[in-house]
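Here is the file target.txt (compact mmCIF, C-alpha atoms).
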```
# COMPACT_ATOMS: atom_id res chain seq x y z
CA MET V 265 12.83 -19.28 0.49
CA GLY V 266 13.61 -22.77 1.78
CA ARG V 267 15.88 -25.55 0.54
CA TYR V 268 13.23 -27.05 -1.74
CA PHE V 269 10.08 -24.92 -1.62
CA GLY V 270 10.09 -21.54 -3.34
CA THR V 271 7.34 -18.95 -3.59
CA ASP V 272 5.23 -21.31 -5.71
CA GLY V 273 5.99 -24.80 -4.45
CA PHE V 274 8.73 -27.37 -4.96
CA ARG V 275 9.70 -27.25 -8.64
CA GLY V 276 12.26 -28.99 -10.78
CA GLU V 277 12.81 -31.33 -13.69
CA ALA V 278 10.90 -34.55 -13.05
CA ASN V 279 13.08 -37.27 -11.51
CA LYS V 280 16.10 -35.00 -11.66
CA ASN V 281 15.60 -32.11 -9.23
CA LEU V 282 12.13 -33.26 -8.13
CA THR V 283 11.84 -37.04 -7.78
CA PHE V 284 9.15 -39.54 -6.89
CA GLU V 285 11.02 -40.13 -3.60
CA HIS V 286 10.53 -36.45 -2.76
CA ALA V 287 6.81 -36.85 -3.44
CA ILE V 288 6.51 -39.94 -1.25
CA ARG V 289 8.25 -38.17 1.63
CA ILE V 290 6.08 -35.07 1.25
CA GLY V 291 3.00 -37.30 1.40
CA ARG V 292 4.43 -39.23 4.36
CA PHE V 293 5.02 -36.06 6.34
CA LEU V 294 1.67 -34.43 5.55
CA GLY V 295 -0.32 -37.54 6.44
CA TRP V 296 1.45 -37.86 9.76
CA TYR V 297 1.56 -34.12 10.54
CA TYR V 298 -2.16 -33.45 10.09
CA GLY V 299 -3.23 -36.77 11.59
CA ARG V 300 -1.17 -36.18 14.73
CA ARG V 301 -2.25 -32.55 15.07
CA LEU V 302 -5.95 -33.31 14.62
CA ASN V 303 -5.88 -36.70 16.38
CA ARG V 304 -7.74 -38.37 13.51
CA LYS V 305 -7.19 -39.53 9.94
CA ALA V 306 -6.07 -36.62 7.81
CA LYS V 307 -8.05 -35.77 4.63
CA VAL V 308 -5.98 -34.43 1.74
CA VAL V 309 -7.22 -33.50 -1.75
CA ILE V 310 -4.95 -33.78 -4.79
CA GLY V 311 -5.15 -32.36 -8.31
CA LYS V 312 -2.77 -32.53 -11.24
CA ASP V 313 -2.17 -31.04 -14.68
CA THR V 314 -1.63 -32.96 -17.91
CA ARG V 315 2.14 -33.57 -17.75
CA ARG V 316 3.14 -37.22 -18.15
CA SER V 317 5.05 -37.11 -14.85
CA SER V 318 2.02 -35.78 -12.96
CA TYR V 319 0.59 -39.31 -12.81
CA MET V 320 3.79 -40.61 -11.21
CA PHE V 321 3.81 -37.83 -8.60
CA GLU V 322 0.10 -38.33 -7.91
CA TYR V 323 0.60 -41.99 -7.06
CA ALA V 324 3.76 -41.26 -5.07
CA LEU V 325 2.00 -38.64 -2.97
CA CYS V 326 -0.95 -40.98 -2.40
CA THR V 327 1.43 -43.75 -1.34
CA GLY V 328 3.11 -41.49 1.18
CA LEU V 329 -0.18 -40.16 2.53
CA MET V 330 -1.73 -43.61 2.96
CA ALA V 331 1.41 -45.00 4.57
CA SER V 332 1.09 -42.29 7.23
CA GLY V 333 -2.60 -42.92 7.79
CA ALA V 334 -4.22 -40.22 5.64
CA ASP V 335 -7.01 -40.56 3.11
CA ALA V 336 -6.13 -39.10 -0.31
CA TYR V 337 -8.99 -37.66 -2.38
CA ILE V 338 -8.06 -37.52 -6.08
CA MET V 339 -9.56 -34.82 -8.31
CA HIS V 340 -7.53 -36.03 -11.33
CA VAL V 341 -6.71 -33.45 -14.04
CA THR V 342 -7.91 -30.11 -12.75
CA THR V 343 -6.71 -26.56 -12.14
CA THR V 344 -4.73 -25.11 -9.24
CA PRO V 345 -7.55 -22.73 -8.22
CA SER V 346 -10.02 -25.64 -8.19
CA VAL V 347 -7.86 -27.47 -5.64
CA ALA V 348 -7.62 -24.31 -3.53
CA TYR V 349 -11.39 -23.84 -3.68
CA ILE V 350 -12.28 -27.44 -2.85
CA THR V 351 -9.72 -27.61 -0.02
CA ARG V 352 -11.46 -24.66 1.60
CA VAL V 353 -15.16 -25.39 0.99
CA ASP V 354 -15.06 -29.18 1.50
CA ASP V 355 -13.10 -29.00 4.76
CA PHE V 356 -9.91 -30.76 3.73
CA ASP V 357 -6.91 -30.53 6.02
CA CYS V 358 -4.68 -29.52 3.14
CA GLY V 359 -4.54 -29.55 -0.65
CA ILE V 360 -1.86 -30.56 -3.14
CA MET V 361 -1.55 -29.46 -6.76
CA ILE V 362 0.92 -31.22 -9.06
CA SER V 363 2.00 -28.72 -11.70
CA ALA V 364 4.88 -26.58 -12.90
CA SER V 365 2.46 -23.94 -14.18
CA HIS V 366 3.76 -22.40 -17.43
CA ASN V 367 7.00 -24.45 -17.52
CA PRO V 368 7.69 -27.12 -20.19
CA PHE V 369 6.37 -30.68 -19.80
CA TYR V 370 9.58 -32.17 -18.40
CA ASP V 371 9.40 -29.88 -15.36
CA ASN V 372 6.92 -30.43 -12.59
CA GLY V 373 6.05 -29.06 -9.19
CA ILE V 374 4.24 -29.79 -5.95
CA LYS V 375 2.20 -26.90 -4.57
CA LEU V 376 0.89 -27.22 -1.02
CA LEU V 377 -2.20 -25.44 0.32
CA ASN V 378 -3.44 -25.10 3.89
CA SER V 379 -7.02 -25.80 4.96
CA ASN V 380 -8.06 -22.29 3.90
CA GLY V 381 -6.87 -22.90 0.33
CA GLU V 382 -3.92 -20.57 0.87
CA LYS V 383 -0.26 -21.29 0.18
CA MET V 384 1.04 -23.36 3.05
CA GLU V 385 2.73 -21.64 5.96
CA GLU V 386 6.51 -21.29 5.84
CA GLU V 387 6.96 -23.05 9.19
CA THR V 388 5.25 -26.19 7.91
CA LEU V 389 7.28 -26.17 4.70
CA LEU V 390 10.50 -25.97 6.73
CA GLU V 391 9.43 -29.02 8.75
CA ILE V 392 8.73 -30.92 5.52
CA GLU V 393 12.19 -30.00 4.27
CA ASP V 394 13.73 -31.33 7.48
CA TYR V 395 11.92 -34.62 6.92
CA ILE V 396 13.05 -34.78 3.28
CA ASP V 397 16.64 -34.32 4.47
CA GLY V 398 16.33 -37.01 7.15
CA VAL V 399 16.58 -34.61 10.09
CA VAL V 400 13.39 -36.05 11.59
CA GLU V 401 11.46 -39.29 11.14
CA VAL V 402 7.75 -40.08 11.26
CA PRO V 403 6.09 -43.41 12.10
CA MET V 404 4.28 -45.68 9.66
CA ALA V 405 0.56 -46.25 10.01
CA GLU V 406 -0.42 -49.85 10.79
CA ARG V 407 -3.47 -52.08 10.58
CA GLU V 408 -6.73 -50.09 10.52
CA GLU V 409 -4.80 -46.81 10.60
CA ILE V 410 -3.52 -47.20 7.01
CA GLY V 411 -5.20 -44.71 4.67
CA ARG V 412 -7.02 -45.12 1.35
CA THR V 413 -7.61 -43.26 -1.89
CA VAL V 414 -11.00 -41.80 -2.84
CA ASP V 415 -12.04 -40.80 -6.36
CA TYR V 416 -13.13 -37.18 -5.99
CA VAL V 417 -14.01 -35.99 -9.47
CA ALA V 418 -17.14 -34.63 -7.77
CA GLY V 419 -14.94 -31.89 -6.36
CA ARG V 420 -14.00 -30.72 -9.84
CA ASN V 421 -17.67 -30.69 -10.81
CA ARG V 422 -18.50 -28.64 -7.73
CA TYR V 423 -15.84 -26.11 -8.71
CA ILE V 424 -17.29 -25.88 -12.23
CA GLY V 425 -20.71 -25.16 -10.74
CA HIS V 426 -19.14 -22.49 -8.54
CA LEU V 427 -17.67 -20.70 -11.56
CA ILE V 428 -20.88 -20.89 -13.57
CA SER V 429 -22.71 -19.32 -10.63
CA MET V 430 -20.26 -16.38 -10.71
CA SER V 431 -21.66 -15.03 -13.97
CA LYS V 432 -24.36 -12.38 -13.75
CA TYR V 433 -25.02 -12.42 -17.49
CA SER V 434 -25.77 -14.84 -20.27
CA PHE V 435 -23.01 -15.07 -22.86
CA LYS V 436 -25.50 -15.81 -25.62
CA GLY V 437 -24.45 -14.18 -28.90
CA MET V 438 -20.80 -13.81 -27.82
CA LYS V 439 -18.08 -15.52 -29.87
CA VAL V 440 -15.25 -16.44 -27.51
CA GLY V 441 -11.87 -18.03 -28.20
CA LEU V 442 -10.09 -20.14 -25.58
CA ASP V 443 -6.48 -21.32 -25.65
CA VAL V 444 -6.31 -23.95 -22.91
CA ALA V 445 -2.57 -24.64 -23.40
CA ASN V 446 -3.06 -28.43 -23.57
CA GLY V 447 -3.22 -28.11 -19.81
CA ALA V 448 -5.42 -28.38 -16.76
CA ALA V 449 -8.28 -26.24 -18.15
CA TRP V 450 -8.86 -28.42 -21.21
CA GLN V 451 -11.83 -30.31 -19.70
CA ILE V 452 -13.23 -27.37 -17.77
CA ALA V 453 -13.12 -24.01 -19.57
CA LYS V 454 -15.16 -24.81 -22.68
CA GLY V 455 -17.91 -26.47 -20.64
CA ILE V 456 -18.30 -23.34 -18.51
CA PHE V 457 -18.49 -20.97 -21.47
CA ASP V 458 -20.87 -23.29 -23.31
CA ALA V 459 -23.11 -23.53 -20.23
CA LEU V 460 -23.27 -19.73 -20.10
CA GLY V 461 -24.41 -19.57 -23.72
CA ALA V 462 -21.26 -18.50 -25.56
CA LYS V 463 -20.30 -19.72 -29.02
CA THR V 464 -16.96 -21.16 -27.92
CA TYR V 465 -13.95 -21.75 -30.13
CA VAL V 466 -11.17 -23.76 -28.49
CA MET V 467 -7.54 -24.32 -29.45
CA ASN V 468 -4.78 -26.47 -27.94
CA ASP V 469 -7.19 -28.84 -26.23
CA SER V 470 -5.53 -32.17 -27.10
CA PRO V 471 -3.04 -32.87 -24.29
CA ASP V 472 -0.74 -35.86 -24.80
CA GLY V 473 1.44 -35.51 -21.72
CA TYR V 474 4.20 -33.70 -23.60
CA ASN V 475 2.59 -30.69 -25.30
CA ILE V 476 1.46 -28.68 -22.26
CA ASN V 477 2.49 -25.02 -22.79
CA THR V 478 4.33 -25.97 -25.99
CA ASP V 479 3.95 -23.02 -28.37
CA CYS V 480 0.53 -22.29 -26.87
CA GLY V 481 -1.32 -20.73 -23.97
CA SER V 482 -0.59 -17.49 -22.15
CA THR V 483 3.16 -17.70 -22.82
CA HIS V 484 2.61 -17.87 -26.61
CA ILE V 485 -0.40 -15.66 -26.98
CA GLU V 486 0.44 -14.69 -30.58
CA HIS V 487 -1.45 -17.78 -31.76
CA LEU V 488 -4.64 -16.73 -29.97
CA GLN V 489 -4.24 -13.23 -31.42
CA LYS V 490 -4.35 -14.64 -34.95
CA PHE V 491 -7.13 -17.08 -34.02
CA VAL V 492 -9.38 -14.29 -32.72
CA VAL V 493 -8.88 -12.12 -35.80
CA ASP V 494 -9.20 -14.97 -38.32
CA ASN V 495 -12.45 -16.19 -36.76
CA ARG V 496 -13.81 -12.68 -36.09
CA LEU V 497 -14.33 -13.41 -32.42
CA ASP V 498 -15.47 -10.92 -29.80
CA VAL V 499 -12.69 -11.82 -27.38
CA GLY V 500 -10.17 -14.53 -26.57
CA PHE V 501 -8.65 -15.88 -23.35
CA ALA V 502 -5.39 -17.79 -22.91
CA PHE V 503 -4.54 -19.84 -19.82
CA ASP V 504 -1.30 -21.42 -18.64
CA GLY V 505 -0.69 -25.07 -17.75
CA ASP V 506 -2.50 -25.06 -14.40
CA ALA V 507 -4.94 -22.25 -15.34
CA ASP V 508 -4.12 -19.93 -12.46
CA ARG V 509 -3.38 -17.12 -14.90
CA CYS V 510 -5.22 -15.60 -17.83
CA LEU V 511 -4.26 -13.19 -20.58
CA CYS V 512 -6.86 -11.77 -22.94
CA VAL V 513 -6.99 -10.80 -26.61
CA ASP V 514 -9.42 -8.10 -27.73
CA GLU V 515 -11.51 -8.26 -30.91
CA LYS V 516 -8.76 -6.48 -32.85
CA GLY V 517 -6.09 -9.00 -31.84
CA ASN V 518 -4.39 -6.82 -29.20
CA VAL V 519 -3.09 -8.40 -25.99
CA VAL V 520 -4.83 -7.46 -22.76
CA THR V 521 -2.45 -8.21 -19.88
CA GLY V 522 -2.93 -8.71 -16.16
CA ASP V 523 -2.26 -5.00 -15.70
CA HIS V 524 -5.17 -4.20 -18.02
CA THR V 525 -7.36 -6.58 -16.04
CA LEU V 526 -6.56 -4.76 -12.80
CA TYR V 527 -7.56 -1.48 -14.41
CA ILE V 528 -10.69 -2.76 -16.14
CA TYR V 529 -12.15 -4.63 -13.20
CA GLY V 530 -10.80 -2.22 -10.58
CA LEU V 531 -12.61 0.66 -12.30
CA TYR V 532 -15.76 -1.47 -12.65
CA MET V 533 -15.67 -2.15 -8.90
CA LYS V 534 -15.10 1.52 -8.11
CA GLU V 535 -18.05 2.59 -10.25
CA ARG V 536 -20.31 0.21 -8.31
CA GLY V 537 -18.95 1.17 -4.89
CA LYS V 538 -17.30 -2.25 -4.46
CA LEU V 539 -13.62 -1.25 -4.46
CA LEU V 540 -12.88 -1.38 -0.75
CA ASN V 541 -10.18 1.10 0.33
CA ASN V 542 -10.19 2.43 -3.26
CA LYS V 543 -7.04 0.37 -3.94
CA VAL V 544 -5.75 -2.36 -6.21
CA VAL V 545 -2.65 -4.39 -5.36
CA THR V 546 0.11 -4.68 -7.97
CA THR V 547 3.69 -5.90 -8.00
CA VAL V 548 6.72 -3.75 -8.67
CA MET V 549 6.80 -5.14 -12.21
CA SER V 550 3.45 -3.65 -13.24
CA ASN V 551 3.85 -1.22 -16.12
CA PHE V 552 4.07 2.51 -15.44
CA GLY V 553 1.16 2.95 -17.85
CA LEU V 554 -1.12 1.13 -15.41
CA TYR V 555 -0.31 3.59 -12.65
CA LYS V 556 -0.89 6.54 -14.95
CA ALA V 557 -4.30 5.14 -15.93
CA LEU V 558 -5.26 4.45 -12.31
CA ASP V 559 -4.22 7.99 -11.32
CA LYS V 560 -6.55 9.44 -13.94
CA VAL V 561 -9.60 7.66 -12.51
CA GLY V 562 -8.65 8.27 -8.88
CA ILE V 563 -7.77 4.71 -7.91
CA GLU V 564 -4.90 4.17 -5.48
CA TYR V 565 -2.54 1.20 -5.49
CA GLU V 566 -0.12 -0.87 -3.46
CA LYS V 567 3.10 -2.38 -4.82
CA THR V 568 4.47 -5.70 -3.56
CA LYS V 569 7.40 -7.92 -4.41
CA VAL V 570 7.02 -10.09 -7.50
CA GLY V 571 4.86 -13.15 -6.80
CA ASP V 572 1.13 -13.69 -6.32
CA LYS V 573 1.96 -14.95 -2.80
CA TYR V 574 2.96 -11.40 -1.83
CA VAL V 575 -0.04 -9.88 -3.58
CA TYR V 576 -2.38 -12.15 -1.63
CA GLU V 577 -0.66 -11.43 1.68
CA ASN V 578 -1.04 -7.68 1.13
CA MET V 579 -4.70 -8.06 0.21
CA VAL V 580 -5.51 -10.09 3.31
CA GLN V 581 -3.56 -7.85 5.67
CA ASN V 582 -5.12 -4.65 4.35
CA GLY V 583 -8.58 -5.74 3.25
CA HIS V 584 -8.10 -5.00 -0.46
CA ARG V 585 -10.37 -6.85 -2.89
CA ILE V 586 -8.45 -7.11 -6.16
CA GLY V 587 -4.78 -7.57 -6.99
CA GLY V 588 -2.46 -9.35 -9.35
CA GLU V 589 0.48 -9.49 -11.70
CA GLN V 590 1.06 -8.36 -15.26
CA SER V 591 1.57 -12.02 -16.21
CA GLY V 592 -2.12 -12.71 -15.63
CA HIS V 593 -2.39 -13.89 -12.01
CA THR V 594 -5.43 -11.94 -10.80
CA ILE V 595 -6.91 -12.50 -7.35
CA PHE V 596 -10.55 -11.66 -6.63
CA LEU V 597 -10.48 -11.99 -2.85
CA LYS V 598 -14.26 -12.17 -2.42
CA TYR V 599 -14.33 -15.44 -4.36
CA GLU V 600 -10.89 -17.07 -4.34
CA THR V 601 -7.65 -17.31 -2.37
CA THR V 602 -5.43 -17.62 -5.44
CA GLY V 603 -5.16 -16.45 -9.01
CA ASP V 604 -7.81 -18.14 -11.16
CA GLY V 605 -7.54 -17.84 -14.93
CA ILE V 606 -11.05 -19.03 -15.74
CA LEU V 607 -12.63 -16.78 -13.10
CA THR V 608 -10.62 -13.88 -14.53
CA SER V 609 -12.02 -14.55 -17.99
CA LEU V 610 -15.56 -14.63 -16.59
CA LYS V 611 -15.06 -11.35 -14.76
CA LEU V 612 -13.76 -9.66 -17.92
CA MET V 613 -16.81 -10.97 -19.79
CA GLU V 614 -18.98 -9.48 -17.05
CA VAL V 615 -17.53 -6.01 -17.58
CA MET V 616 -17.94 -6.24 -21.37
CA LEU V 617 -21.59 -7.23 -21.02
CA ALA V 618 -22.41 -4.81 -18.20
CA LYS V 619 -20.91 -1.82 -20.01
CA LYS V 620 -21.86 -3.01 -23.49
CA LYS V 621 -18.39 -2.16 -24.73
CA PRO V 622 -15.80 -4.17 -26.68
CA MET V 623 -12.64 -5.24 -24.89
CA SER V 624 -10.51 -2.88 -26.97
CA GLU V 625 -12.41 0.12 -25.61
CA LEU V 626 -12.26 -1.10 -22.02
CA ALA V 627 -8.48 -1.62 -22.20
CA ALA V 628 -7.63 1.53 -24.20
CA PRO V 629 -6.89 3.86 -21.23
CA VAL V 630 -3.91 1.68 -20.19
CA VAL V 631 -1.13 2.75 -22.55
CA PHE V 632 2.00 0.73 -21.88
CA TYR V 633 5.28 2.57 -21.58
CA PRO V 634 8.29 1.14 -23.44
CA GLN V 635 10.35 -1.00 -21.10
CA VAL V 636 13.92 -2.25 -21.15
CA LEU V 637 15.01 -4.89 -18.64
CA LYS V 638 18.58 -6.18 -18.45
CA ASN V 639 19.98 -8.84 -16.15
CA VAL V 640 23.59 -8.66 -14.97
CA ARG V 641 25.41 -11.44 -13.13
CA VAL V 642 27.16 -10.18 -10.02
CA LYS V 643 29.52 -11.54 -7.38
CA SER V 644 27.23 -10.49 -4.53
CA LYS V 645 23.68 -9.25 -4.96
CA PRO V 646 23.56 -7.33 -1.64
CA ASP V 647 26.96 -5.71 -2.27
CA ALA V 648 25.94 -4.52 -5.73
CA GLN V 649 22.47 -3.41 -4.66
CA ASN V 650 23.71 -1.51 -1.59
CA ASP V 651 26.78 0.12 -3.14
CA PRO V 652 26.43 3.90 -2.50
CA ASP V 653 27.58 4.75 -6.04
CA VAL V 654 25.06 2.35 -7.58
CA GLN V 655 22.31 3.79 -5.41
CA ALA V 656 23.37 7.31 -6.43
CA ALA V 657 23.18 6.32 -10.12
CA VAL V 658 19.69 4.91 -9.60
CA ALA V 659 18.58 8.06 -7.75
CA LYS V 660 19.94 10.23 -10.56
CA VAL V 661 17.95 8.31 -13.18
CA ALA V 662 14.79 8.50 -11.06
CA ALA V 663 15.19 12.26 -10.69
CA GLU V 664 15.76 12.80 -14.42
CA LEU V 665 12.75 10.65 -15.35
CA GLY V 666 10.52 12.43 -12.86
CA SER V 667 6.84 11.66 -13.54
CA ASP V 668 7.58 10.54 -17.10
CA GLY V 669 9.00 7.13 -16.23
CA ARG V 670 10.54 4.98 -13.54
CA ILE V 671 13.55 2.81 -12.73
CA LEU V 672 13.53 -0.44 -10.79
CA VAL V 673 16.64 -2.30 -9.63
CA ARG V 674 16.01 -5.59 -7.84
CA GLU V 675 17.71 -8.86 -7.01
CA SER V 676 16.70 -12.14 -8.62
CA GLY V 677 15.22 -14.54 -6.11
CA THR V 678 16.93 -17.60 -7.60
CA GLU V 679 20.07 -16.48 -9.48
CA PRO V 680 23.17 -14.33 -8.77
CA VAL V 681 21.59 -11.62 -10.89
CA ILE V 682 20.62 -7.97 -10.52
CA ARG V 683 17.74 -6.85 -12.74
CA VAL V 684 17.79 -3.25 -13.99
CA MET V 685 14.54 -2.05 -15.54
CA VAL V 686 13.52 1.35 -16.90
CA GLU V 687 10.17 2.44 -18.31
CA ALA V 688 10.06 5.73 -20.19
CA GLY V 689 8.71 7.44 -23.29
CA SER V 690 10.92 5.61 -25.79
CA ASP V 691 13.12 2.53 -26.07
CA GLU V 692 16.15 4.79 -26.61
CA ILE V 693 15.61 6.60 -23.31
CA CYS V 694 15.13 3.27 -21.52
CA GLU V 695 18.32 1.83 -23.00
CA LYS V 696 20.34 4.91 -22.07
CA TYR V 697 19.30 4.90 -18.43
CA VAL V 698 19.57 1.12 -17.94
CA ASP V 699 23.08 1.14 -19.39
CA SER V 700 24.09 4.10 -17.21
CA VAL V 701 23.33 2.09 -14.05
CA ILE V 702 24.96 -1.10 -15.38
CA ASP V 703 28.08 0.94 -16.23
CA VAL V 704 28.41 1.95 -12.58
CA ILE V 705 27.89 -1.66 -11.41
CA ARG V 706 30.68 -2.68 -13.82
CA GLU V 707 33.03 0.15 -12.82
CA LYS V 708 32.68 -0.78 -9.15
CA GLY V 709 33.80 -4.35 -9.90
CA HIS V 710 30.55 -6.12 -9.04
CA LEU V 711 30.11 -8.04 -12.30
CA VAL V 712 31.15 -11.68 -12.47
```
Here is the file; what I need is its structure written in the form of structure tokens.
Amino acid sequence: MGRYFGTDGFRGEANKNLTFEHAIRIGRFLGWYYGRRLNRKAKVVIGKDTRRSSYMFEYALCTGLMASGADAYIMHVTTTPSVAYITRVDDFDCGIMISASHNPFYDNGIKLLNSNGEKMEEETLLEIEDYIDGVVEVPMAEREEIGRTVDYVAGRNRYIGHLISMSKYSFKGMKVGLDVANGAAWQIAKGIFDALGAKTYVMNDSPDGYNINTDCGSTHIEHLQKFVVDNRLDVGFAFDGDADRCLCVDEKGNVVTGDHTLYIYGLYMKERGKLLNNKVVTTVMSNFGLYKALDKVGIEYEKTKVGDKYVYENMVQNGHRIGGEQSGHTIFLKYETTGDGILTSLKLMEVMLAKKKPMSELAAPVVFYPQVLKNVRVKSKPDAQNDPDVQAAVAKVAAELGSDGRILVRESGTEPVIRVMVEAGSDEICEKYVDSVIDVIREKGHLV
């Protein structure tokens, strides 16, 4: 990861770690970079979520872009996947989404997308960081070269039409709950479900700039669980602040995670001969129960590092069609280049209607194993991770668990922390094995 940009953009508390000056300089560089490379005015599309600071960053980015000669097309409040889609299909040079996803309102982020709607290349991000730090300079546009802003709400409408066209079935007669997290999906999701004929019940759809993700959405799904049961709904879907992830609640109030989605839709694809390579792509944090369920139906799987960026890279490199994370980022490569919470909800509806089964029955084969995860602060992550005695302790646990569980020891990407996770048949077994590895880390003097 770079100095400012991580696996999911440049994030920080607004005007503390991520300031309007950063946004202006990012816009300045992008306008110059694409204009120079293409020898014409650059075209950049921008979306934002409902955070109060998103307006500030939107104007700052536009200022920087115009000052470098680019035209900035503003989609206003919209979702991350909509920006990715419109960047790709409407031939923009790059796309920008202003959002800190599931984080609280006082955080924000700037996500950059290339012309294919994919996360921007590392080399370009490093050049932007050099410009932010004053290592390089770029010229100002002058006279007729100065850029302009263009209202582009039409792009959001085009994306909505795209999602409606994805559905193969009418939702008429279905009672669906939506928790839009007071975020980017609040003007989009209900309209799509209504257009498809569902009786739609919506919660947390009154954003005020401060309540995005606050006790709502996919990070607080307990409220949707109660909502679905109290209103006797057929299913419920919860999105995060920028709607690139989706968790589901079945008609009984049980949570259906991203792992369940991979199983449900992966099996549906396999049954129709659409699961290319007979594989789904997961991360190392997917639950052991998912792998057990996939084994039973003869579906193979890949495991990547944590992050939808790595899932997408694996899918593209190997030609796989579905992948995602337990947290609800699910990528359907035929249709999108990123996780899309609303598309995920539509695809789950498709399986329910095609198979004429309730969500609880579709998700039932994935039985989650108990999991214990503990984080320990260490002096050096590589030293602790590569210590022969620590590795021997991990190998011993793996051997004793056999096919009845698993152990995962990995470094945090942002903190001086080693994460030790065990999944097994009971919480007691998990605790025992996690502590046995941490004891060795402690005995070898690696803890802070």
Quiz item: Leaving out Gly359 (chain V) and any residue of its chain fewer than 3 positions from it, which residues lie within 12 Å of it when counting all atoms listed in the file, given as JSON, numbers by chain?
Solution: {"V": [291, 294, 295, 298, 306, 307, 308, 309, 310, 311, 312, 325, 329, 335, 336, 337, 338, 339, 344, 345, 346, 347, 348, 349, 350, 351, 352, 353, 354, 355, 356, 362, 374, 375, 376, 377, 378, 379, 380, 381, 382, 383, 384]}
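If you measure from each of V:Glu409, V:Glu515, V:Asp472, V:Asp458 to Ser332 (chain V) using all atoms listed in the file, the closest one turns out to be V:Glu409.
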Practice problem: Dump as an MDAnalysis selection string all residues having an atom at most 8 Å from (5.4, -17.1, -11.9), computed in the file's coordinates with all atoms listed in the file. | Solution: chainID V and resid 272 365:366 571:572 591
Self-check item: Closest of V:Gly398, V:Lys516, V:Cys480, V:Val341 to Asp494 (chain V) - atom-to-atom distances counting only C-alpha atoms
Solution: V:Lys516
Quiz prompt | Protein, DNA and RNA residues within 12 Å of (-17.4, -16.0, -17.2), only C-alpha atoms, as a PyMOL selection string | solution = chain V and resi 424-436+438+440+442+453-462+464+499-501+604-617
Exercise. For Val704 (chain V), please output as a list in words all residues within 8 Å (counting all atoms listed in the file; exclusion window: fewer than 4 positions along the same chain).
Key: Asp653, Val654, Ala657, Ser700 and Lys708 of chain V
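Using all atoms listed in the file for every distance, the candidate list V:Leu626, V:Ile595, V:His584, V:Leu390 yields V:Leu626 as the residue closest to Asp514 (chain V).
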Quiz item: Any idea what's packed within 6 Å of region 467-470 of chain V, counting all atoms listed in the file, ignoring anything in its chain fewer than 5 positions away? Could you give it as a ChimeraX atom specification?
Solution: /V:443-446,450
Practice problem: Fewer than 5 positions away in the same chain doesn't count, so skip those; otherwise give me all residues within 9 Å of Ile702 (chain V), counting all atoms listed in the file, as a PyMOL selection string. | Solution: chain V and resi 638+640+654+684+697+707
Self-check item: For Gly517 (chain V): contacts at 6 Å, only C-alpha atoms, fewer than 3 positions along chain excluded, given as a VMD selection string
Solution: chain V and resid 489 493 513 to 514
Practice problem: Compare V:Val548, V:Leu302, V:Ala324, V:Val402 by their minimum atom-to-atom distance to Asp357 (chain V), counting only C-alpha atoms, and give me the closest one. | Solution: V:Leu302
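Distance annotation: of V:Pro368, V:Gly373, V:Gly270, V:Gly481, the residue with the minimal separation from His286 (chain V) is V:Gly373; atom set is all atoms listed in the file.
Take CA of Thr271 (chain V) and CA of Lys598 (chain V): the distance between them is 22.7 Å.
Atom pair CA of Val631 (chain V) / CA of Asp523 (chain V) has a distance of 10.4 Å (rounded to one decimal).
Remark: for Glu391 (chain V), the closest of the candidate residues V:Ala364, V:Asn551, V:Leu540, V:Phe269 is V:Phe269 (distances computed over all atoms listed in the file).
Atom pair CA of Gly709 (chain V) / CA of Pro680 (chain V): separated by 14.6 Å.
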As JSON, what would the box around region 352-361 of chain V look like: edges along x, y and z, 3 Å added on every side, centre and edge lengths in Å to one decimal?
```
{"center_x": -8.4, "center_y": -27.7, "center_z": -0.4, "size_x": 19.6, "size_y": 12.1, "size_z": 18.8}
```
Tell me, counting only C-alpha atoms, for each residue of region 536-614 of chain V within 12 Å of region 669-672 of chain V, which pair of atoms is nearest and how far apart they are in Å to one decimal, in rows ordered by chain and increasing number, as JSON lines.
```
{"residue": "V:Thr547", "atom": "CA", "partner": "V:Leu672", "partner_atom": "CA", "distance": 11.6}
{"residue": "V:Val548", "atom": "CA", "partner": "V:Leu672", "partner_atom": "CA", "distance": 7.9}
{"residue": "V:Met549", "atom": "CA", "partner": "V:Leu672", "partner_atom": "CA", "distance": 8.3}
{"residue": "V:Ser550", "atom": "CA", "partner": "V:Leu672", "partner_atom": "CA", "distance": 10.9}
{"residue": "V:Asn551", "atom": "CA", "partner": "V:Arg670", "partner_atom": "CA", "distance": 9.5}
{"residue": "V:Phe552", "atom": "CA", "partner": "V:Gly669", "partner_atom": "CA", "distance": 6.8}
{"residue": "V:Gly553", "atom": "CA", "partner": "V:Gly669", "partner_atom": "CA", "distance": 9.0}
{"residue": "V:Leu554", "atom": "CA", "partner": "V:Gly669", "partner_atom": "CA", "distance": 11.8}
{"residue": "V:Tyr555", "atom": "CA", "partner": "V:Gly669", "partner_atom": "CA", "distance": 10.6}
{"residue": "V:Lys556", "atom": "CA", "partner": "V:Gly669", "partner_atom": "CA", "distance": 10.0}
{"residue": "V:Lys569", "atom": "CA", "partner": "V:Leu672", "partner_atom": "CA", "distance": 11.6}
```
